[in-house]
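File shown: coords-v7.tsv (TSV, C-alpha atoms).
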```
chain	number	residue	atom	x	y	z
A	1108	MET	CA	198.64	51.94	-24.20
A	1109	ILE	CA	198.50	54.93	-21.84
A	1110	ASP	CA	195.01	55.93	-20.74
A	1111	ARG	CA	194.32	59.40	-22.20
A	1112	THR	CA	191.99	60.23	-19.34
A	1113	ILE	CA	195.02	60.54	-17.07
A	1114	PHE	CA	196.23	63.55	-19.04
A	1115	GLU	CA	192.74	64.90	-19.59
A	1116	SER	CA	192.34	64.91	-15.80
A	1117	LEU	CA	195.68	66.70	-15.40
A	1118	GLN	CA	194.67	69.30	-17.98
A	1119	SER	CA	191.42	69.89	-16.12
A	1120	LYS	CA	193.37	70.57	-12.91
A	1121	ILE	CA	195.75	72.91	-14.77
A	1122	ASP	CA	192.77	74.83	-16.16
A	1123	GLU	CA	191.23	75.11	-12.70
A	1124	GLU	CA	194.46	76.51	-11.24
A	1125	ALA	CA	194.79	78.96	-14.13
A	1126	ALA	CA	191.23	80.17	-13.53
A	1127	VAL	CA	191.99	80.75	-9.85
A	1128	ARG	CA	195.13	82.70	-10.72
A	1129	ASP	CA	193.22	84.81	-13.23
A	1130	GLU	CA	190.64	85.72	-10.59
A	1131	LEU	CA	193.34	86.60	-8.09
A	1132	HIS	CA	195.27	88.65	-10.67
A	1133	GLU	CA	192.14	90.68	-11.45
A	1134	ILE	CA	191.81	91.73	-7.81
A	1135	VAL	CA	195.55	92.31	-7.40
A	1136	GLN	CA	195.65	94.52	-10.51
A	1137	THR	CA	192.97	96.74	-8.97
A	1138	LEU	CA	194.91	96.76	-5.71
A	1139	ALA	CA	198.03	97.79	-7.65
A	1140	ARG	CA	196.22	100.64	-9.42
A	1141	ASN	CA	194.97	102.00	-6.11
A	1142	GLY	CA	198.47	101.49	-4.72
A	1143	ARG	CA	200.01	103.67	-7.42
A	1144	SER	CA	197.54	106.41	-6.57
A	1145	THR	CA	198.41	106.11	-2.88
A	1146	THR	CA	202.13	106.28	-3.62
A	1147	ALA	CA	201.67	109.33	-5.85
A	1148	ILE	CA	199.73	111.13	-3.12
A	1149	LEU	CA	202.22	110.27	-0.37
A	1150	SER	CA	205.09	111.39	-2.60
A	1151	ARG	CA	203.75	114.93	-2.24
A	1152	ALA	CA	205.14	114.84	1.30
A	1153	HIS	CA	208.53	115.44	-0.32
A	1154	SER	CA	207.39	118.87	-1.47
A	1155	THR	CA	204.97	119.76	1.33
A	1156	PRO	CA	205.98	121.36	4.66
A	1157	SER	CA	205.19	119.08	7.59
A	1158	ASN	CA	202.69	121.56	9.05
A	1159	GLN	CA	200.69	121.44	5.79
A	1160	LEU	CA	200.53	117.66	5.40
A	1161	LYS	CA	197.02	117.00	6.71
A	1162	PRO	CA	195.20	117.32	3.34
A	1163	VAL	CA	197.78	115.00	1.78
A	1164	LEU	CA	197.35	112.43	4.56
A	1165	ASP	CA	193.55	112.65	4.37
A	1166	GLU	CA	193.66	111.99	0.62
A	1167	ALA	CA	196.14	109.15	1.06
A	1168	THR	CA	193.92	107.60	3.73
A	1169	LYS	CA	190.99	107.50	1.28
A	1170	GLU	CA	193.12	105.60	-1.23
A	1171	ILE	CA	194.40	103.25	1.46
A	1172	LEU	CA	190.81	102.50	2.49
A	1173	ALA	CA	190.00	101.75	-1.16
A	1174	GLN	CA	192.89	99.28	-1.15
A	1175	LYS	CA	191.58	97.79	2.06
A	1176	GLU	CA	188.35	96.94	0.20
A	1177	GLN	CA	190.36	95.06	-2.42
A	1178	VAL	CA	192.20	93.17	0.33
A	1179	THR	CA	188.80	92.09	1.68
A	1180	ARG	CA	187.88	90.77	-1.78
A	1181	LEU	CA	191.26	89.09	-2.08
A	1182	LYS	CA	190.94	87.40	1.29
A	1183	ALA	CA	187.47	86.07	0.47
A	1184	LEU	CA	188.79	84.35	-2.66
A	1185	ALA	CA	192.22	83.33	-1.35
A	1186	ASP	CA	190.75	81.63	1.72
A	1187	LYS	CA	189.24	79.01	-0.60
A	1188	HIS	CA	192.66	77.87	-1.81
A	1189	PRO	CA	196.07	76.83	-0.37
A	1190	PHE	CA	197.83	79.99	0.88
A	1191	TYR	CA	201.43	79.26	-0.10
A	1192	LYS	CA	200.42	77.98	-3.52
A	1193	TYR	CA	199.07	81.36	-4.54
A	1194	ASN	CA	200.44	84.03	-2.21
A	1195	GLY	CA	203.15	84.93	-4.70
A	1196	VAL	CA	200.37	86.52	-6.76
A	1197	TRP	CA	199.65	89.23	-4.19
A	1198	THR	CA	202.62	89.42	-1.81
A	1199	ARG	CA	204.36	92.34	-3.53
A	1200	GLU	CA	201.25	94.51	-3.64
A	1201	LEU	CA	200.40	93.64	-0.05
A	1202	GLN	CA	203.91	94.70	1.00
A	1203	ASN	CA	203.49	97.97	-0.91
A	1204	LEU	CA	200.16	98.62	0.80
A	1205	VAL	CA	201.59	97.98	4.27
A	1206	SER	CA	204.53	100.26	3.46
A	1207	SER	CA	202.09	103.03	2.47
A	1208	ILE	CA	200.11	102.46	5.67
A	1209	GLU	CA	203.27	102.75	7.73
A	1210	LEU	CA	204.49	105.87	5.93
A	1211	CYS	CA	201.09	107.52	6.28
A	1212	ALA	CA	201.04	106.63	9.98
A	1213	TYR	CA	204.56	107.97	10.54
A	1214	LEU	CA	203.69	111.27	8.88
A	1215	GLY	CA	200.71	111.71	11.21
A	1216	GLY	CA	197.86	109.89	9.49
A	1217	LEU	CA	195.76	106.90	10.62
A	1218	GLU	CA	195.93	108.15	14.22
A	1219	GLU	CA	192.91	106.12	15.33
A	1220	TYR	CA	194.66	102.86	14.44
A	1221	LYS	CA	197.82	103.42	16.49
A	1222	SER	CA	198.34	102.01	19.96
A	1223	SER	CA	199.00	105.57	21.17
A	1224	SER	CA	199.27	109.06	19.72
A	1225	ALA	CA	203.02	108.92	20.39
A	1226	ALA	CA	203.52	105.79	18.27
A	1227	SER	CA	205.54	106.35	15.09
A	1228	PHE	CA	204.29	103.28	13.24
A	1229	LEU	CA	201.82	100.42	13.43
A	1230	THR	CA	202.71	97.01	14.82
A	1231	ILE	CA	201.95	93.95	12.71
A	1232	GLU	CA	198.91	93.28	14.91
A	1233	GLU	CA	197.65	96.84	14.36
A	1234	VAL	CA	198.12	96.54	10.60
A	1235	GLY	CA	196.22	93.24	10.65
A	1236	LYS	CA	193.41	94.83	12.65
A	1237	PHE	CA	193.26	97.78	10.27
A	1238	LEU	CA	193.09	95.53	7.19
A	1239	ASP	CA	190.86	93.02	9.00
A	1240	VAL	CA	193.17	90.13	8.15
A	1241	PRO	CA	194.97	87.64	10.41
A	1242	VAL	CA	198.73	87.88	10.85
A	1243	ASN	CA	201.41	85.20	11.03
A	1244	LEU	CA	199.06	82.20	10.89
A	1245	LYS	CA	200.74	78.91	11.74
A	1246	GLU	CA	197.96	76.41	12.37
A	1247	GLN	CA	195.66	77.45	9.56
A	1248	ASP	CA	196.13	77.48	5.77
A	1249	ALA	CA	194.36	80.77	5.09
A	1250	PHE	CA	195.05	84.28	3.86
A	1251	HIS	CA	197.17	86.33	6.25
A	1252	LEU	CA	199.89	88.97	6.51
A	1253	THR	CA	203.24	87.25	7.07
A	1254	ILE	CA	206.04	88.55	9.27
A	1255	GLU	CA	208.31	88.68	6.21
A	1256	GLU	CA	205.83	90.85	4.30
A	1257	TYR	CA	205.51	93.20	7.27
A	1258	LEU	CA	209.27	93.56	7.76
A	1259	LEU	CA	209.89	94.14	4.04
A	1260	ALA	CA	207.23	96.86	4.15
A	1261	LEU	CA	209.00	98.55	7.06
A	1262	ILE	CA	212.28	98.47	5.12
A	1263	SER	CA	210.60	100.16	2.15
A	1264	MET	CA	209.24	102.83	4.49
A	1265	VAL	CA	212.74	103.45	5.88
A	1266	GLU	CA	214.09	103.93	2.35
A	1267	GLU	CA	211.35	106.45	1.60
A	1268	LEU	CA	211.99	108.30	4.85
A	1269	SER	CA	215.68	108.65	4.04
A	1270	ARG	CA	214.65	110.43	0.81
A	1271	LEU	CA	212.25	112.59	2.78
A	1272	ALA	CA	215.03	113.65	5.14
A	1273	VAL	CA	217.02	115.03	2.20
A	1274	ASN	CA	214.03	116.76	0.61
A	1275	SER	CA	212.96	118.28	3.92
A	1276	VAL	CA	216.17	120.32	3.95
A	1277	THR	CA	215.17	121.79	0.59
A	1278	LEU	CA	211.89	122.86	2.17
A	1279	GLY	CA	213.77	124.51	5.03
A	1280	ASP	CA	212.48	121.96	7.54
A	1281	TYR	CA	215.62	121.17	9.54
A	1282	ALA	CA	213.85	119.41	12.41
A	1283	ARG	CA	212.38	116.58	10.33
A	1284	PRO	CA	215.71	115.01	9.26
A	1285	VAL	CA	216.71	114.82	12.94
A	1286	GLN	CA	213.41	113.17	13.85
A	1287	ILE	CA	213.64	110.75	10.94
A	1288	GLY	CA	217.23	109.92	11.84
A	1289	SER	CA	216.30	109.08	15.41
A	1290	PHE	CA	213.37	106.92	14.29
A	1291	ILE	CA	215.17	104.86	11.66
A	1292	LYS	CA	218.17	104.31	13.95
A	1293	ASP	CA	215.80	102.86	16.53
A	1294	LEU	CA	214.16	100.71	13.86
A	1295	PHE	CA	217.56	99.52	12.62
A	1296	ALA	CA	218.51	98.55	16.16
A	1297	GLY	CA	215.33	96.49	16.31
A	1298	PHE	CA	216.16	94.71	13.06
A	1299	GLN	CA	219.61	93.85	14.41
A	1300	LEU	CA	217.93	91.82	17.14
A	1301	LEU	CA	216.38	89.53	14.51
A	1302	ASN	CA	217.97	86.31	13.32
A	1303	LEU	CA	216.63	86.39	9.77
A	1304	LYS	CA	216.52	83.17	7.72
A	1305	ASN	CA	214.88	84.64	4.63
A	1306	ASP	CA	217.67	85.58	2.16
A	1307	ILE	CA	215.79	88.45	0.53
A	1308	LEU	CA	214.73	89.86	3.88
A	1309	ARG	CA	218.26	89.58	5.28
A	1310	LYS	CA	219.77	91.40	2.29
A	1311	ARG	CA	217.12	94.12	2.35
A	1312	SER	CA	217.50	94.64	6.11
A	1313	ASP	CA	221.27	95.00	5.69
A	1314	GLY	CA	220.49	97.96	3.44
A	1315	ILE	CA	218.85	99.88	6.28
A	1316	LYS	CA	222.31	100.91	7.49
A	1317	TYR	CA	222.81	102.84	4.23
A	1318	SER	CA	219.55	104.71	4.79
A	1319	VAL	CA	220.68	105.47	8.35
A	1320	LYS	CA	224.03	106.77	7.11
A	1321	LYS	CA	222.34	108.89	4.45
A	1322	VAL	CA	220.21	110.63	7.07
A	1323	GLU	CA	223.14	110.92	9.50
A	1324	ASP	CA	225.10	112.73	6.80
A	1325	VAL	CA	222.23	115.17	6.32
A	1326	VAL	CA	221.97	115.82	10.07
A	1327	TYR	CA	225.75	116.19	10.37
A	1328	ASP	CA	225.80	118.76	7.57
A	1329	LEU	CA	222.99	120.70	9.22
A	1330	SER	CA	224.89	120.64	12.51
A	1331	LEU	CA	228.03	122.02	10.87
A	1332	ARG	CA	225.96	124.88	9.48
A	1333	ASN	CA	224.36	125.49	12.89
A	1334	LEU	CA	220.91	124.95	11.39
A	1335	ILE	CA	219.76	122.68	14.22
A	1336	PRO	CA	220.28	123.02	17.97
A	1337	LYS	CA	223.01	120.95	19.62
A	1338	GLY	CA	220.36	118.87	21.32
A	1339	GLY	CA	218.57	118.27	18.02
A	1340	ASP	CA	218.67	114.50	18.33
A	1341	ASN	CA	215.98	114.81	20.96
A	1342	ALA	CA	213.69	116.81	18.73
```
Structure translated into structure tokens:
Amino acid sequence: MIDRTIFESLQSKIDEEAAVRDELHEIVQTLARNGRSTTAILSRAHSTPSNQLKPVLDEATKEILAQKEQVTRLKALADKHPFYKYNGVWTRELQNLVSSIELCAYLGGLEEYKSSSAASFLTIEEVGKFLDVPVNLKEQDAFHLTIEEYLLALISMVEELSRLAVNSVTLGDYARPVQIGSFIKDLFAGFQLLNLKNDILRKRSDGIKYSVKKVEDVVYDLSLRNLIPKGGDNA
């Protein structure tokens, strides 16, 4: 006869794991709510002239800092458990947060966290420092921002910037599409240097070329209409 305690012990472990997931989900749900607010605020960049963006960026920064507090809570709990067993619970929301951080930084926010005032985005190390979390841990099974999460966040930012290039024309801002085009072409060139093993990351990174083409088409149309100077690519 099979000893029932074997299955009672298994059930106890299942219950423990479920309790951990429930705790993590509670924090991640709050992170997601704050994330939606951040996204809604940053979306106003699509209808706001670039020289009037500061109030939008200041408001977005407040929401991002609120998310940072949730990441601190998340890290404190996650560090008590195996990272790769549970990181699927939060990885999407962490990617969304990093994407918002990068978009806010590109638009002119979070200046104090950039390596220089001329930097267009934050490196993975700078994002980790801002969030106060380690990055790309290899020797330690603890909460961290992975390279894959960071790169997926950059791709999401590129997709949002390609939309912004189109909407900037509607606002009569013909310089911004040129600047965006130059930036995402440089970023795409950087991605092409990577030998990506992650299937999802490889497929998403392949899509950057469509964002680049979308912005190039906008810039080309502006050039045909003589709405930007011939040397606009250096703007």
Could you list, with a cut-off of 10 Å and counting all atoms listed in the file, the residues of segment 1188-1294 of chain A near segment 1127-1146 of chain A, each shown with its nearest atom pair and the distance in Å rounded to one decimal, rows sorted by chain and ascending number, as a Markdown table?
```
| residue | atom | partner | partner_atom | distance |
| --- | --- | --- | --- | --- |
| A:His1188 | CA | A:Val1127 | CA | 8.6 |
| A:Tyr1193 | CA | A:Arg1128 | CA | 7.5 |
| A:Asn1194 | CA | A:Leu1131 | CA | 9.6 |
| A:Val1196 | CA | A:His1132 | CA | 6.8 |
| A:Trp1197 | CA | A:Val1135 | CA | 6.0 |
| A:Thr1198 | CA | A:Val1135 | CA | 9.5 |
| A:Arg1199 | CA | A:Ala1139 | CA | 9.3 |
| A:Glu1200 | CA | A:Ala1139 | CA | 6.1 |
| A:Leu1201 | CA | A:Leu1138 | CA | 8.5 |
| A:Asn1203 | CA | A:Gly1142 | CA | 7.2 |
| A:Leu1204 | CA | A:Gly1142 | CA | 6.4 |
| A:Ser1206 | CA | A:Thr1146 | CA | 9.6 |
| A:Ser1207 | CA | A:Thr1146 | CA | 6.9 |
| A:Ile1208 | CA | A:Thr1145 | CA | 9.5 |
| A:Leu1210 | CA | A:Thr1146 | CA | 9.8 |
| A:Cys1211 | CA | A:Thr1145 | CA | 9.6 |
```
Report as a short mmCIF file (atom, residue, chain, number, x, y, z; two decimals) with C-alpha atoms, in the frame of the given file all protein, DNA and RNA residues lying within 12 Å of Phe1250 of chain A, evaluated on all atoms listed in the file, omitting residues in the same chain fewer than 2 positions from it.
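Dumped everything to result_4.cif:
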```
data_model
loop_
_atom_site.label_atom_id
_atom_site.label_comp_id
_atom_site.auth_asym_id
_atom_site.auth_seq_id
_atom_site.Cartn_x
_atom_site.Cartn_y
_atom_site.Cartn_z
CA VAL A 1178 192.20 93.17 0.33
CA THR A 1179 188.80 92.09 1.68
CA ARG A 1180 187.88 90.77 -1.78
CA LEU A 1181 191.26 89.09 -2.08
CA LYS A 1182 190.94 87.40 1.29
CA ALA A 1183 187.47 86.07 0.47
CA LEU A 1184 188.79 84.35 -2.66
CA ALA A 1185 192.22 83.33 -1.35
CA ASP A 1186 190.75 81.63 1.72
CA LYS A 1187 189.24 79.01 -0.60
CA HIS A 1188 192.66 77.87 -1.81
CA PRO A 1189 196.07 76.83 -0.37
CA PHE A 1190 197.83 79.99 0.88
CA TYR A 1191 201.43 79.26 -0.10
CA LYS A 1192 200.42 77.98 -3.52
CA TYR A 1193 199.07 81.36 -4.54
CA ASN A 1194 200.44 84.03 -2.21
CA GLY A 1195 203.15 84.93 -4.70
CA TRP A 1197 199.65 89.23 -4.19
CA THR A 1198 202.62 89.42 -1.81
CA LEU A 1201 200.40 93.64 -0.05
CA GLY A 1235 196.22 93.24 10.65
CA LEU A 1238 193.09 95.53 7.19
CA ASP A 1239 190.86 93.02 9.00
CA VAL A 1240 193.17 90.13 8.15
CA PRO A 1241 194.97 87.64 10.41
CA VAL A 1242 198.73 87.88 10.85
CA ASN A 1243 201.41 85.20 11.03
CA LEU A 1244 199.06 82.20 10.89
CA LYS A 1245 200.74 78.91 11.74
CA GLU A 1246 197.96 76.41 12.37
CA GLN A 1247 195.66 77.45 9.56
CA ASP A 1248 196.13 77.48 5.77
CA LEU A 1252 199.89 88.97 6.51
CA THR A 1253 203.24 87.25 7.07
#
```
Residue contacts of Ile1262 of chain A (12 Å, all atoms listed in the file) excluding same-chain residues fewer than 2 positions away, as a ChimeraX atom specification: /A:1202-1203,1205-1207,1209-1210,1255-1260,1264-1269,1291,1294-1295,1297-1298,1307-1319
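Interatomic distance, atom CA of Thr1230 of chain A against atom CA of Ala1212 of chain A: 10.9 Å.
Distances from A:His1251, A:Ser1150, A:Lys1236, A:Leu1160 to Gly1216 of chain A were compared using only C-alpha atoms, and the smallest one belongs to A:Leu1160.
Remark: for Leu1229 of chain A, the closest of the candidate residues A:Ala1152, A:Gly1215, A:Leu1117, A:Tyr1281 is A:Gly1215 (distances computed over only C-alpha atoms).
Here atom CA of Ser1263 of chain A stands at a distance of 15.1 Å from atom CA of Ala1147 of chain A.
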Please extract segment 1239-1266 of chain A and write it out with N, CA and C atoms, as a short mmCIF file (atom, residue, chain, number, x, y, z; two decimals), in the first residue's frame.
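The file below, result.cif, is the result:
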```cif
data_model
loop_
_atom_site.label_atom_id
_atom_site.label_comp_id
_atom_site.auth_asym_id
_atom_site.auth_seq_id
_atom_site.Cartn_x
_atom_site.Cartn_y
_atom_site.Cartn_z
N ASP A 1239 17.99 50.05 -8.72
CA ASP A 1239 18.68 49.44 -7.58
C ASP A 1239 18.53 47.92 -7.58
N VAL A 1240 18.75 47.34 -8.77
CA VAL A 1240 18.73 45.88 -8.90
C VAL A 1240 19.97 45.45 -9.69
N PRO A 1241 20.48 44.25 -9.42
CA PRO A 1241 21.61 43.77 -10.21
C PRO A 1241 21.18 43.43 -11.63
N VAL A 1242 22.16 43.34 -12.52
CA VAL A 1242 21.86 43.00 -13.91
C VAL A 1242 22.71 41.81 -14.34
N ASN A 1243 22.10 40.94 -15.14
CA ASN A 1243 22.81 39.83 -15.77
C ASN A 1243 23.62 38.99 -14.77
N LEU A 1244 22.99 38.59 -13.68
CA LEU A 1244 23.68 37.75 -12.69
C LEU A 1244 23.96 36.37 -13.28
N LYS A 1245 25.12 35.85 -13.02
CA LYS A 1245 25.49 34.52 -13.51
C LYS A 1245 25.84 33.57 -12.37
N GLU A 1246 26.47 34.09 -11.33
CA GLU A 1246 26.95 33.26 -10.24
C GLU A 1246 25.98 33.18 -9.07
N GLN A 1247 24.90 33.94 -9.15
CA GLN A 1247 24.01 34.04 -8.00
C GLN A 1247 22.56 33.87 -8.43
N ASP A 1248 21.81 33.06 -7.70
CA ASP A 1248 20.40 32.81 -8.02
C ASP A 1248 19.54 33.83 -7.27
N ALA A 1249 19.49 35.05 -7.80
CA ALA A 1249 18.76 36.12 -7.14
C ALA A 1249 18.08 36.99 -8.18
N PHE A 1250 17.19 37.85 -7.72
CA PHE A 1250 16.46 38.75 -8.61
C PHE A 1250 17.43 39.65 -9.37
N HIS A 1251 17.20 39.80 -10.68
CA HIS A 1251 18.03 40.69 -11.47
C HIS A 1251 17.33 41.01 -12.79
N LEU A 1252 17.83 42.02 -13.47
CA LEU A 1252 17.37 42.37 -14.82
C LEU A 1252 18.23 41.60 -15.81
N THR A 1253 17.59 40.78 -16.65
CA THR A 1253 18.35 39.98 -17.61
C THR A 1253 18.63 40.79 -18.87
N ILE A 1254 19.64 40.36 -19.62
CA ILE A 1254 19.96 41.00 -20.90
C ILE A 1254 18.77 40.89 -21.85
N GLU A 1255 18.10 39.73 -21.86
CA GLU A 1255 16.96 39.54 -22.74
C GLU A 1255 15.85 40.53 -22.43
N GLU A 1256 15.57 40.73 -21.14
CA GLU A 1256 14.52 41.68 -20.74
C GLU A 1256 14.89 43.09 -21.19
N TYR A 1257 16.14 43.45 -21.03
CA TYR A 1257 16.61 44.78 -21.42
C TYR A 1257 16.48 44.99 -22.93
N LEU A 1258 16.91 44.01 -23.71
CA LEU A 1258 16.86 44.15 -25.16
C LEU A 1258 15.42 44.19 -25.67
N LEU A 1259 14.55 43.37 -25.09
CA LEU A 1259 13.13 43.39 -25.48
C LEU A 1259 12.51 44.75 -25.16
N ALA A 1260 12.93 45.36 -24.06
CA ALA A 1260 12.44 46.69 -23.69
C ALA A 1260 12.89 47.73 -24.71
N LEU A 1261 14.13 47.63 -25.16
CA LEU A 1261 14.63 48.56 -26.18
C LEU A 1261 13.83 48.42 -27.48
N ILE A 1262 13.50 47.19 -27.85
CA ILE A 1262 12.72 46.95 -29.07
C ILE A 1262 11.35 47.60 -28.96
N SER A 1263 10.72 47.46 -27.79
CA SER A 1263 9.42 48.10 -27.57
C SER A 1263 9.52 49.61 -27.68
N MET A 1264 10.61 50.18 -27.16
CA MET A 1264 10.82 51.62 -27.27
C MET A 1264 10.95 52.04 -28.73
N VAL A 1265 11.68 51.25 -29.53
CA VAL A 1265 11.86 51.57 -30.95
C VAL A 1265 10.50 51.59 -31.65
N GLU A 1266 9.65 50.61 -31.34
CA GLU A 1266 8.32 50.56 -31.96
C GLU A 1266 7.50 51.80 -31.61
#
```
